[in-house]
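For reference, the structure is listed below as C-alpha cells.
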Amino acid sequence: MLLKELSEAVAVSSREDEVRTLLKEHLSSSVDEVKTDRLGNLFCYKGWKESQPKILIAAHMDEVGLMVTKIEKDGFLRFQPVGSLDPRVLVSKPVVIGKEKVPGVIGAKPIHLQEPDERKKALDFKDLFIDIGVDSKAEAEGLVSLGDLVAFSTEYEELGDGIVKGKAFDDRAGCAVLAEILKRDYRLGLAGVFTVQEEVGARGAEVVGKTLEPDLTIVLEGTTAADVPEIEEHEGSTKMGYGPALTIMDGSVLPHRPTLDKLLKIAEANDIPIQFRRSTKGFTDAGSLQRGRGGIPTVVVSVPCRYIHSPACLVDTKDIENTVALIVEFLRSVEQEGVPS
Ligand code: CO
C-alpha cells in the first residue's frame with residue numbers, strides 16, 4: 001500500500017530521496033513526463049504542454065526531524081530540530097540516523113536522578129541526546145557523522161475502522177492523494193509537483209513558483225486535527241473523519257475565493273464531507289506558490305491528521321479517499337467550465 005510505504009520512507013528536509021524514488025517508480029507509467037529539478041522537486045506532467053487550462057497540484061515530500069550537531073566523548077549524540085518540533089514529544093522515542101539508518105533512542109536524565117524541581121520542567125533540546133548503544137566517541141564516529149539527519153522510526157499500523165497510525169502524514173497524506181489523482185486522465189494540463197524543504201520554510205515551492213506558470217494552484221496538505229481532549233471545539237482546527245479541510249486563511253496565504261466556493265458546491269453536489277480549517281496559524285507551500293509569475297490563484301486542501309510533527313500520527317483513510325474524490329470532481333468541472341473566477 002502506497003501510504004504505508006510513503007510513511008515508512010525517510011525524508012527529513014533536504015534528504016527527500018527515498019520518497020522521491022518511491023513516487024517516481026509508482027507514477028512513471030501514469031504520466032507523460034517525470035522530471036527532478038536541482039533542488040530535488042519532482043515534477044509529474046500530464047497533458048501539460050498541449051492542454052489548457054494548466055493546473056498545478058503540489059504536495060511536499062519532506063518531514064520534520066533532527067540533525068546531529070555533536071558527538072559526545074562517551075558516544076552520545078546531541079541534536080537540533082529540522083523544522084518545527086516540540087521537544088516534549090521526543091524523549092524515549094526510537095529514531096534512525098543518517099543514510100544507513102543507524103538505530104537509536106532519544107534519552108534524557110532518568111526520573112530517579114532528577115531533583116524535585118527538574119521534574120516540573122519540560123525537557124528542551126539541550127536536555128536530550130540520542131543513544132546509539134556505543135560507549136565511545138570513536139565508536140559513534142564509525143556509525144554516524146555530524147550533520148546526519150534523524151527521523152522517527154515508526155511502524156505503519158491499522159488501528160480502528162479505517163484509521164491508520166504512522167509518521168509524517170504531514171504531508172505523506174497529501175503525497176498519497178496527489179499520486180492517486182495523477183493516475184486518472186484529464187482534458188487539461190496537469191503538473192503534479194512533489195516539493196522539497198517545505199518544513200523549513202517552503203523553499204522547494206519557491207523554486208517551483210518560478211518554474212511553472214499555472215492558471216491555478218492547489219496545495220494538498222496534512223493538517224492538524226485537534227478533535228481531542230483538552231481542546232475546545234472552536235480551537236480545534238479540523239476534525240478527523242469529517243472530510244477534506246479548506247483553508248480560509250493561514251500565516252502564508254488567503255486562498256482564491258471563487259475556487260473555494262466551487263469546491264464547496266462540488267462537495268455538496270457529490271455528497272463529499274467537507275470542513276473549514278478553523279485556525280489561521282501555520283504556513284504551507286501555498287504562500288510561495290501564489291507568488292509565482294503575475295500572481296497565481298491558489299487554494300489549500302488538507303487531510304486532517306492527529307499529532308502531526310510527532311513520532312506517531314493518525315489519519316482516517318476515508319478522509320484521504322474523500323480528498324481524492326473532491327479534487328477529481330473539481331478537475332472535471334474545470335474541464336467543462338475552466339478555472340473559477
Ligand atoms: Co505539511
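Labels used: A, B, ... for chains in the order of the C-alpha cells, numbers from 1 for residues in each chain, and numbers from 1 for ligands as shown.
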
Could you make a table, as a tab-separated table, of the residues of chain A that have an atom within 9 Å of an atom of ligand 1, each with its nearest atom pair and distance in Å to one decimal, counting only C-alpha atoms and all ligand atoms, in chain and number order?
residue	atom	partner	partner_atom_place_in_ligand_line	distance
A:Ala59	CA	ligand 1	1 (Co)	8.1
A:His60	CA	ligand 1	1 (Co)	6.6
A:Met61	CA	ligand 1	1 (Co)	8.7
A:Asp62	CA	ligand 1	1 (Co)	8.1
A:Glu63	CA	ligand 1	1 (Co)	7.6
A:Ala168	CA	ligand 1	1 (Co)	8.6
A:Phe169	CA	ligand 1	1 (Co)	8.3
A:Asp170	CA	ligand 1	1 (Co)	4.5
A:Asp171	CA	ligand 1	1 (Co)	4.8
A:Arg172	CA	ligand 1	1 (Co)	8.5
A:Gly174	CA	ligand 1	1 (Co)	8.4
A:Glu198	CA	ligand 1	1 (Co)	6.8
A:Glu199	CA	ligand 1	1 (Co)	6.5
A:Leu220	CA	ligand 1	1 (Co)	8.6
A:Glu221	CA	ligand 1	1 (Co)	5.4
A:Gly222	CA	ligand 1	1 (Co)	5.6
A:Thr223	CA	ligand 1	1 (Co)	6.6
A:Phe283	CA	ligand 1	1 (Co)	8.2
A:Thr284	CA	ligand 1	1 (Co)	6.4
A:Asp285	CA	ligand 1	1 (Co)	8.2
A:Ile308	CA	ligand 1	1 (Co)	8.6
A:His309	CA	ligand 1	1 (Co)	8.8

Might you pull out every residue within 9 Å of Lys35 of chain A, with only C-alpha atoms counted and same-chain residues fewer than 4 positions away left off, and present them as a compact mmCIF listing (two decimals) with N, CA and C atoms, in the first residue's frame?
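Output (part-v7.txt):
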# COMPACT_ATOMS: atom_id res chain seq x y z
N ASN A 41 12.85 18.96 -6.26
CA ASN A 41 11.40 18.91 -6.52
C ASN A 41 11.12 17.93 -7.66
N LEU A 42 10.06 17.15 -7.51
CA LEU A 42 9.70 16.14 -8.52
C LEU A 42 8.47 16.62 -9.29
N PHE A 43 8.61 16.77 -10.61
CA PHE A 43 7.52 17.26 -11.47
C PHE A 43 6.95 16.09 -12.27
N CYS A 44 5.63 15.87 -12.18
CA CYS A 44 4.95 14.83 -12.96
C CYS A 44 3.92 15.51 -13.86
N TYR A 45 4.16 15.46 -15.17
CA TYR A 45 3.32 16.21 -16.11
C TYR A 45 2.33 15.29 -16.83

Ranking A:Pro53, A:Gly192, A:Gly162, A:Gly209 by minimum distance to Pro340 of chain A and counting only C-alpha atoms, which one comes first? A:Pro53

Write down as a tab-separated table (two decimals) with all heavy atoms, in the first residue's frame the residues belonging to segment 71-244 of chain A that are assigned strand (DSSP E) by DSSP computed on the backbone.
chain	number	residue	atom	x	y	z
A	71	ILE	N	28.98	14.97	18.71
A	71	ILE	CA	29.16	13.60	19.23
A	71	ILE	C	29.96	13.74	20.53
A	71	ILE	O	31.08	14.23	20.54
A	71	ILE	CB	29.90	12.72	18.21
A	71	ILE	CG1	29.12	12.70	16.87
A	71	ILE	CG2	30.08	11.29	18.76
A	71	ILE	CD1	29.80	11.94	15.75
A	77	LEU	N	24.83	11.39	21.15
A	77	LEU	CA	24.71	12.39	20.10
A	77	LEU	C	23.83	13.54	20.55
A	77	LEU	O	22.74	13.32	21.08
A	77	LEU	CB	24.09	11.78	18.83
A	77	LEU	CG	24.61	10.42	18.38
A	77	LEU	CD1	23.84	9.96	17.14
A	77	LEU	CD2	26.10	10.50	18.09
A	78	ARG	N	24.29	14.76	20.35
A	78	ARG	CA	23.45	15.94	20.57
A	78	ARG	C	22.82	16.33	19.24
A	78	ARG	O	23.38	16.03	18.18
A	78	ARG	CB	24.30	17.09	21.11
A	78	ARG	CG	24.93	16.79	22.45
A	78	ARG	CD	23.89	16.80	23.54
A	78	ARG	NE	24.51	16.63	24.85
A	78	ARG	CZ	23.84	16.76	25.98
A	78	ARG	NH1	22.54	17.03	25.97
A	78	ARG	NH2	24.44	16.59	27.13
A	79	PHE	N	21.69	17.02	19.31
A	79	PHE	CA	20.99	17.32	18.05
A	79	PHE	C	20.22	18.62	18.12
A	79	PHE	O	19.98	19.17	19.20
A	79	PHE	CB	20.04	16.17	17.70
A	79	PHE	CG	19.01	15.89	18.78
A	79	PHE	CD1	17.84	16.63	18.87
A	79	PHE	CD2	19.23	14.88	19.70
A	79	PHE	CE1	16.90	16.39	19.86
A	79	PHE	CE2	18.30	14.63	20.71
A	79	PHE	CZ	17.14	15.38	20.78
A	80	GLN	N	19.82	19.11	16.96
A	80	GLN	CA	18.94	20.27	16.81
A	80	GLN	C	17.77	19.86	15.92
A	80	GLN	O	17.90	18.94	15.12
A	80	GLN	CB	19.69	21.43	16.16
A	80	GLN	CG	20.71	22.09	17.09
A	80	GLN	CD	20.03	22.84	18.24
A	80	GLN	OE1	19.13	23.64	18.03
A	80	GLN	NE2	20.46	22.55	19.46
A	81	PRO	N	16.63	20.56	16.04
A	81	PRO	CA	15.48	20.20	15.20
A	81	PRO	C	15.64	20.68	13.75
A	81	PRO	O	16.30	21.69	13.51
A	81	PRO	CB	14.31	20.94	15.86
A	81	PRO	CG	14.95	22.11	16.54
A	81	PRO	CD	16.32	21.65	16.98
A	82	VAL	N	15.05	19.93	12.82
A	82	VAL	CA	14.92	20.37	11.42
A	82	VAL	C	13.42	20.53	11.19
A	82	VAL	O	12.69	19.53	11.16
A	82	VAL	CB	15.51	19.33	10.45
A	82	VAL	CG1	15.31	19.76	9.00
A	82	VAL	CG2	17.00	19.11	10.74
A	94	PRO	N	12.18	5.95	19.59
A	94	PRO	CA	13.17	5.34	18.69
A	94	PRO	C	13.34	6.16	17.42
A	94	PRO	O	12.37	6.72	16.90
A	94	PRO	CB	12.55	3.96	18.38
A	94	PRO	CG	11.11	4.07	18.70
A	94	PRO	CD	10.92	5.22	19.64
A	95	VAL	N	14.58	6.24	16.95
A	95	VAL	CA	14.89	7.03	15.75
A	95	VAL	C	15.85	6.24	14.86
A	95	VAL	O	16.43	5.24	15.28
A	95	VAL	CB	15.55	8.38	16.13
A	95	VAL	CG1	14.56	9.30	16.83
A	95	VAL	CG2	16.81	8.19	16.98
A	96	VAL	N	16.01	6.72	13.63
A	96	VAL	CA	17.06	6.19	12.74
A	96	VAL	C	17.90	7.38	12.27
A	96	VAL	O	17.38	8.46	12.03
A	96	VAL	CB	16.51	5.41	11.54
A	96	VAL	CG1	15.94	4.07	11.98
A	96	VAL	CG2	15.46	6.21	10.76
A	97	ILE	N	19.22	7.14	12.15
A	97	ILE	CA	20.16	8.23	11.88
A	97	ILE	C	20.89	8.01	10.57
A	97	ILE	O	21.43	6.92	10.33
A	97	ILE	CB	21.19	8.32	13.03
A	97	ILE	CG1	20.47	8.50	14.36
A	97	ILE	CG2	22.16	9.48	12.79
A	97	ILE	CD1	21.13	7.78	15.48
A	102	VAL	N	21.04	4.09	11.09
A	102	VAL	CA	21.55	3.57	12.36
A	102	VAL	C	20.48	3.77	13.42
A	102	VAL	O	19.98	4.87	13.60
A	102	VAL	CB	22.84	4.34	12.76
A	102	VAL	CG1	23.32	3.94	14.14
A	102	VAL	CG2	23.92	4.14	11.71
A	103	PRO	N	20.09	2.69	14.13
A	103	PRO	CA	19.02	2.85	15.12
A	103	PRO	C	19.51	3.51	16.41
A	103	PRO	O	20.66	3.31	16.81
A	103	PRO	CB	18.57	1.41	15.39
A	103	PRO	CG	19.72	0.55	14.99
A	103	PRO	CD	20.53	1.31	13.97
A	104	GLY	N	18.63	4.28	17.03
A	104	GLY	CA	18.95	4.92	18.30
A	104	GLY	C	17.69	5.22	19.08
A	104	GLY	O	16.57	5.03	18.58
A	105	VAL	N	17.89	5.67	20.32
A	105	VAL	CA	16.76	6.07	21.17
A	105	VAL	C	17.09	7.44	21.76
A	105	VAL	O	18.24	7.68	22.15
A	105	VAL	CB	16.55	5.04	22.32
A	105	VAL	CG1	15.51	5.54	23.32
A	105	VAL	CG2	16.14	3.69	21.76
A	106	ILE	N	16.09	8.32	21.79
A	106	ILE	CA	16.32	9.63	22.39
A	106	ILE	C	16.24	9.49	23.91
A	106	ILE	O	15.24	9.01	24.44
A	106	ILE	CB	15.29	10.66	21.87
A	106	ILE	CG1	15.43	10.80	20.35
A	106	ILE	CG2	15.50	12.02	22.57
A	106	ILE	CD1	14.40	11.68	19.69
A	107	GLY	N	17.32	9.86	24.57
A	107	GLY	CA	17.40	9.69	26.02
A	107	GLY	C	17.38	11.02	26.75
A	107	GLY	O	17.53	12.09	26.16
A	129	PHE	N	19.47	13.69	24.28
A	129	PHE	CA	20.59	13.16	23.48
A	129	PHE	C	20.10	11.87	22.82
A	129	PHE	O	19.08	11.32	23.20
A	129	PHE	CB	21.80	12.89	24.38
A	129	PHE	CG	21.44	12.15	25.64
A	129	PHE	CD1	21.29	10.77	25.66
A	129	PHE	CD2	21.20	12.86	26.82
A	129	PHE	CE1	20.93	10.11	26.82
A	129	PHE	CE2	20.82	12.19	27.99
A	129	PHE	CZ	20.69	10.81	27.99
A	130	ILE	N	20.84	11.43	21.82
A	130	ILE	CA	20.50	10.15	21.19
A	130	ILE	C	21.53	9.12	21.60
A	130	ILE	O	22.74	9.37	21.55
A	130	ILE	CB	20.45	10.28	19.65
A	130	ILE	CG1	19.42	11.33	19.23
A	130	ILE	CG2	20.10	8.92	19.01
A	130	ILE	CD1	19.49	11.70	17.76
A	131	ASP	N	21.02	7.97	22.02
A	131	ASP	CA	21.85	6.85	22.47
A	131	ASP	C	21.86	5.82	21.35
A	131	ASP	O	20.80	5.31	20.97
A	131	ASP	CB	21.18	6.28	23.74
A	131	ASP	CG	22.02	5.22	24.41
A	131	ASP	OD1	22.88	4.62	23.73
A	131	ASP	OD2	21.79	4.98	25.61
A	149	LEU	N	21.02	13.42	9.30
A	149	LEU	CA	19.63	13.70	9.65
A	149	LEU	C	19.00	12.50	10.35
A	149	LEU	O	19.36	11.35	10.09
A	149	LEU	CB	18.83	14.07	8.40
A	149	LEU	CG	19.28	15.39	7.74
A	149	LEU	CD1	18.53	15.65	6.46
A	149	LEU	CD2	19.09	16.56	8.71
A	150	VAL	N	18.09	12.81	11.26
A	150	VAL	CA	17.50	11.80	12.13
A	150	VAL	C	15.99	11.81	11.93
A	150	VAL	O	15.36	12.87	11.94
A	150	VAL	CB	17.81	12.15	13.61
A	150	VAL	CG1	17.22	11.10	14.55
A	150	VAL	CG2	19.31	12.33	13.83
A	151	ALA	N	15.42	10.63	11.73
A	151	ALA	CA	13.97	10.52	11.55
A	151	ALA	C	13.39	9.60	12.62
A	151	ALA	O	14.08	8.75	13.17
A	151	ALA	CB	13.65	9.96	10.16
A	152	PHE	N	12.11	9.79	12.89
A	152	PHE	CA	11.43	8.87	13.81
A	152	PHE	C	11.34	7.50	13.16
A	152	PHE	O	11.19	7.38	11.94
A	152	PHE	CB	10.03	9.38	14.13
A	152	PHE	CG	10.03	10.71	14.82
A	152	PHE	CD1	9.40	11.81	14.27
A	152	PHE	CD2	10.68	10.87	16.04
A	152	PHE	CE1	9.42	13.05	14.90
A	152	PHE	CE2	10.70	12.09	16.69
A	152	PHE	CZ	10.06	13.18	16.12
A	157	GLU	N	0.62	1.16	11.05
A	157	GLU	CA	-0.32	0.15	11.55
A	157	GLU	C	-1.76	0.59	11.35
A	157	GLU	O	-2.05	1.78	11.43
A	157	GLU	CB	-0.15	-0.01	13.08
A	157	GLU	CG	0.97	-0.89	13.52
A	157	GLU	CD	1.01	-0.96	15.05
A	157	GLU	OE1	1.17	0.11	15.69
A	157	GLU	OE2	0.86	-2.07	15.58
A	158	GLU	N	-2.62	-0.38	11.15
A	158	GLU	CA	-4.06	-0.07	11.10
A	158	GLU	C	-4.61	-0.17	12.51
A	158	GLU	O	-4.32	-1.10	13.23
A	158	GLU	CB	-4.75	-1.06	10.17
A	158	GLU	CG	-4.32	-0.83	8.74
A	158	GLU	CD	-4.85	-1.86	7.75
A	158	GLU	OE1	-5.79	-2.59	8.10
A	158	GLU	OE2	-4.29	-1.91	6.65
A	163	ILE	N	-8.74	3.77	10.36
A	163	ILE	CA	-7.76	4.70	10.94
A	163	ILE	C	-6.37	4.05	10.87
A	163	ILE	O	-6.24	2.86	11.19
A	163	ILE	CB	-8.07	5.03	12.42
A	163	ILE	CG1	-9.54	5.39	12.62
A	163	ILE	CG2	-7.13	6.11	12.95
A	163	ILE	CD1	-9.97	6.69	12.03
A	164	VAL	N	-5.38	4.81	10.46
A	164	VAL	CA	-4.03	4.26	10.44
A	164	VAL	C	-3.07	5.14	11.23
A	164	VAL	O	-3.28	6.35	11.35
A	164	VAL	CB	-3.51	4.06	9.00
A	164	VAL	CG1	-4.32	2.99	8.29
A	164	VAL	CG2	-3.51	5.36	8.21
A	165	LYS	N	-2.05	4.48	11.77
A	165	LYS	CA	-1.00	5.17	12.53
A	165	LYS	C	0.28	5.13	11.72
A	165	LYS	O	0.59	4.10	11.10
A	165	LYS	CB	-0.78	4.44	13.85
A	165	LYS	CG	0.36	4.99	14.70
A	165	LYS	CD	1.00	3.92	15.58
A	165	LYS	CE	2.21	3.28	14.92
A	165	LYS	NZ	2.88	2.24	15.70
A	166	GLY	N	1.02	6.20	11.71
A	166	GLY	CA	2.32	6.22	11.04
A	166	GLY	C	3.02	7.51	11.36
A	166	GLY	O	2.55	8.29	12.19
A	189	GLY	N	-4.24	20.63	-18.71
A	189	GLY	CA	-2.82	20.44	-18.41
A	189	GLY	C	-2.63	20.28	-16.91
A	189	GLY	O	-3.12	21.10	-16.12
A	190	LEU	N	-1.97	19.22	-16.51
A	190	LEU	CA	-1.80	18.97	-15.08
A	190	LEU	C	-0.32	18.77	-14.76
A	190	LEU	O	0.37	17.99	-15.42
A	190	LEU	CB	-2.61	17.72	-14.69
A	190	LEU	CG	-2.63	17.33	-13.21
A	190	LEU	CD1	-3.22	18.44	-12.35
A	190	LEU	CD2	-3.43	16.04	-13.01
A	191	ALA	N	0.16	19.50	-13.76
A	191	ALA	CA	1.51	19.26	-13.24
A	191	ALA	C	1.35	18.88	-11.77
A	191	ALA	O	0.91	19.71	-10.96
A	191	ALA	CB	2.38	20.50	-13.38
A	192	GLY	N	1.67	17.64	-11.45
A	192	GLY	CA	1.69	17.21	-10.06
A	192	GLY	C	3.12	17.40	-9.57
A	192	GLY	O	4.04	16.79	-10.11
A	193	VAL	N	3.29	18.25	-8.57
A	193	VAL	CA	4.66	18.53	-8.11
A	193	VAL	C	4.82	18.13	-6.65
A	193	VAL	O	4.04	18.56	-5.79
A	193	VAL	CB	5.02	20.02	-8.29
A	193	VAL	CG1	6.47	20.25	-7.88
A	193	VAL	CG2	4.80	20.45	-9.73
A	194	PHE	N	5.81	17.29	-6.41
A	194	PHE	CA	6.14	16.87	-5.05
A	194	PHE	C	7.35	17.70	-4.63
A	194	PHE	O	8.43	17.56	-5.20
A	194	PHE	CB	6.44	15.37	-5.03
A	194	PHE	CG	5.27	14.52	-5.46
A	194	PHE	CD1	5.09	14.17	-6.80
A	194	PHE	CD2	4.31	14.11	-4.54
A	194	PHE	CE1	4.00	13.40	-7.21
A	194	PHE	CE2	3.21	13.34	-4.94
A	194	PHE	CZ	3.06	12.99	-6.27
A	195	THR	N	7.14	18.57	-3.65
A	195	THR	CA	8.16	19.58	-3.33
A	195	THR	C	9.09	19.13	-2.21
A	195	THR	O	8.78	18.22	-1.44
A	195	THR	CB	7.50	20.92	-2.92
A	195	THR	OG1	6.76	20.73	-1.71
A	195	THR	CG2	6.59	21.44	-4.01
A	216	LEU	N	-3.98	27.97	-12.07
A	216	LEU	CA	-4.49	27.76	-10.71
A	216	LEU	C	-3.59	26.74	-10.01
A	216	LEU	O	-3.09	25.81	-10.64
A	216	LEU	CB	-5.92	27.19	-10.77
A	216	LEU	CG	-6.57	26.84	-9.43
A	216	LEU	CD1	-6.99	28.10	-8.69
A	216	LEU	CD2	-7.79	25.95	-9.64
A	217	THR	N	-3.39	26.96	-8.72
A	217	THR	CA	-2.59	26.02	-7.93
A	217	THR	C	-3.40	25.47	-6.77
A	217	THR	O	-4.11	26.22	-6.08
A	217	THR	CB	-1.31	26.72	-7.41
A	217	THR	OG1	-0.46	26.99	-8.51
A	217	THR	CG2	-0.57	25.86	-6.41
A	218	ILE	N	-3.30	24.16	-6.58
A	218	ILE	CA	-3.94	23.51	-5.43
A	218	ILE	C	-2.82	22.89	-4.59
A	218	ILE	O	-2.03	22.10	-5.11
A	218	ILE	CB	-4.93	22.40	-5.87
A	218	ILE	CG1	-6.01	22.99	-6.77
A	218	ILE	CG2	-5.54	21.70	-4.65
A	218	ILE	CD1	-6.89	21.93	-7.45
A	219	VAL	N	-2.76	23.25	-3.32
A	219	VAL	CA	-1.78	22.65	-2.41
A	219	VAL	C	-2.49	21.62	-1.55
A	219	VAL	O	-3.53	21.92	-0.95
A	219	VAL	CB	-1.11	23.74	-1.54
A	219	VAL	CG1	-0.23	23.11	-0.47
A	219	VAL	CG2	-0.29	24.68	-2.41
A	220	LEU	N	-1.94	20.42	-1.53
A	220	LEU	CA	-2.52	19.34	-0.72
A	220	LEU	C	-1.66	19.16	0.52
A	220	LEU	O	-0.45	18.99	0.42
A	220	LEU	CB	-2.54	18.03	-1.53
A	220	LEU	CG	-3.40	18.06	-2.78
A	220	LEU	CD1	-3.21	16.78	-3.59
A	220	LEU	CD2	-4.88	18.24	-2.43
A	221	GLU	N	-2.29	19.20	1.67
A	221	GLU	CA	-1.54	19.15	2.93
A	221	GLU	C	-2.11	18.11	3.88
A	221	GLU	O	-3.22	17.62	3.70
A	221	GLU	CB	-1.59	20.53	3.61
A	221	GLU	CG	-0.35	21.37	3.36
A	221	GLU	CD	0.89	20.81	4.06
A	221	GLU	OE1	0.83	19.79	4.75
A	221	GLU	OE2	1.95	21.43	3.91
A	222	GLY	N	-1.30	17.80	4.88
A	222	GLY	CA	-1.79	17.07	6.05
A	222	GLY	C	-1.80	18.11	7.15
A	222	GLY	O	-0.76	18.71	7.43
A	223	THR	N	-2.95	18.38	7.75
A	223	THR	CA	-3.00	19.47	8.73
A	223	THR	C	-3.46	18.97	10.09
A	223	THR	O	-3.96	17.86	10.22
A	223	THR	CB	-3.92	20.62	8.23
A	223	THR	OG1	-3.62	21.81	8.97
A	223	THR	CG2	-5.39	20.29	8.42
A	224	THR	N	-3.31	19.82	11.10
A	224	THR	CA	-3.66	19.46	12.47
A	224	THR	C	-5.13	19.11	12.64
A	224	THR	O	-5.99	19.95	12.37
A	224	THR	CB	-3.40	20.66	13.42
A	224	THR	OG1	-2.30	21.38	12.94
A	224	THR	CG2	-3.21	20.21	14.84

List as a tab-separated table every residue of segment 15-80 of chain A that is in contact with segment 316-337 of chain A, defined as an atom at most 12 Å from one of its atoms (using only C-alpha atoms), together with the nearest atom pair and the distance in Å rounded to one decimal, sorted by chain and then rising number.
residue	atom	partner	partner_atom	distance
A:Ser51	CA	A:Glu335	CA	10.2
A:Gln52	CA	A:Glu335	CA	8.7
A:Pro53	CA	A:Val334	CA	8.0
A:Lys54	CA	A:Val334	CA	9.9
A:Ile55	CA	A:Leu331	CA	8.6
A:Leu56	CA	A:Leu331	CA	11.1
A:Ile57	CA	A:Ile327	CA	9.7

Serialized selection, C-alpha atoms, as a PDB file, in the first residue's frame:
ATOM      1  CA  SER A  51      -3.660  21.436 -22.975  1.00  0.00           C
ATOM      2  CA  GLN A  52      -5.419  24.372 -21.299  1.00  0.00           C
ATOM      3  CA  PRO A  53      -6.100  25.429 -18.614  1.00  0.00           C
ATOM      4  CA  LYS A  54      -2.989  24.495 -16.644  1.00  0.00           C
ATOM      5  CA  ILE A  55      -3.424  23.280 -13.071  1.00  0.00           C
ATOM      6  CA  LEU A  56      -0.554  22.786 -10.644  1.00  0.00           C
ATOM      7  CA  ILE A  57      -1.170  20.463  -7.706  1.00  0.00           C
TER       8      ILE A  57
END

Run DSSP on the backbone and give me the residues of segment 88-250 of chain A it puts in alpha helix (DSSP H), as a ChimeraX atom specification. /A:116-120,137-141,169-181,203-211

Which residue out of A:Leu39, A:Ala312, A:Ala58, A:Ile272 has the minimum interatomic distance to Leu212 of chain A when only C-alpha atoms are used?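 Ranking A:Leu39, A:Ala312, A:Ala58, A:Ile272 by distance to Leu212 of chain A, first place goes to A:Ala58.
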
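In this structure, atom CA of Asp117 of chain A sits 20.6 Å away from atom CA of Ser92 of chain A.
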
If you count only C-alpha atoms, which residues fall within 8 Å of segment 240-256 of chain A, apart from same-chain ones fewer than 6 positions away, as JSON, numbers by chain? {"A": [225, 227, 272, 273, 274, 275, 276, 277, 278, 279, 280, 281, 282, 283, 284, 286, 287, 288, 290, 297, 298, 299, 300, 301, 302, 303, 304, 305, 306, 315, 316, 318, 319, 320, 322, 323]}
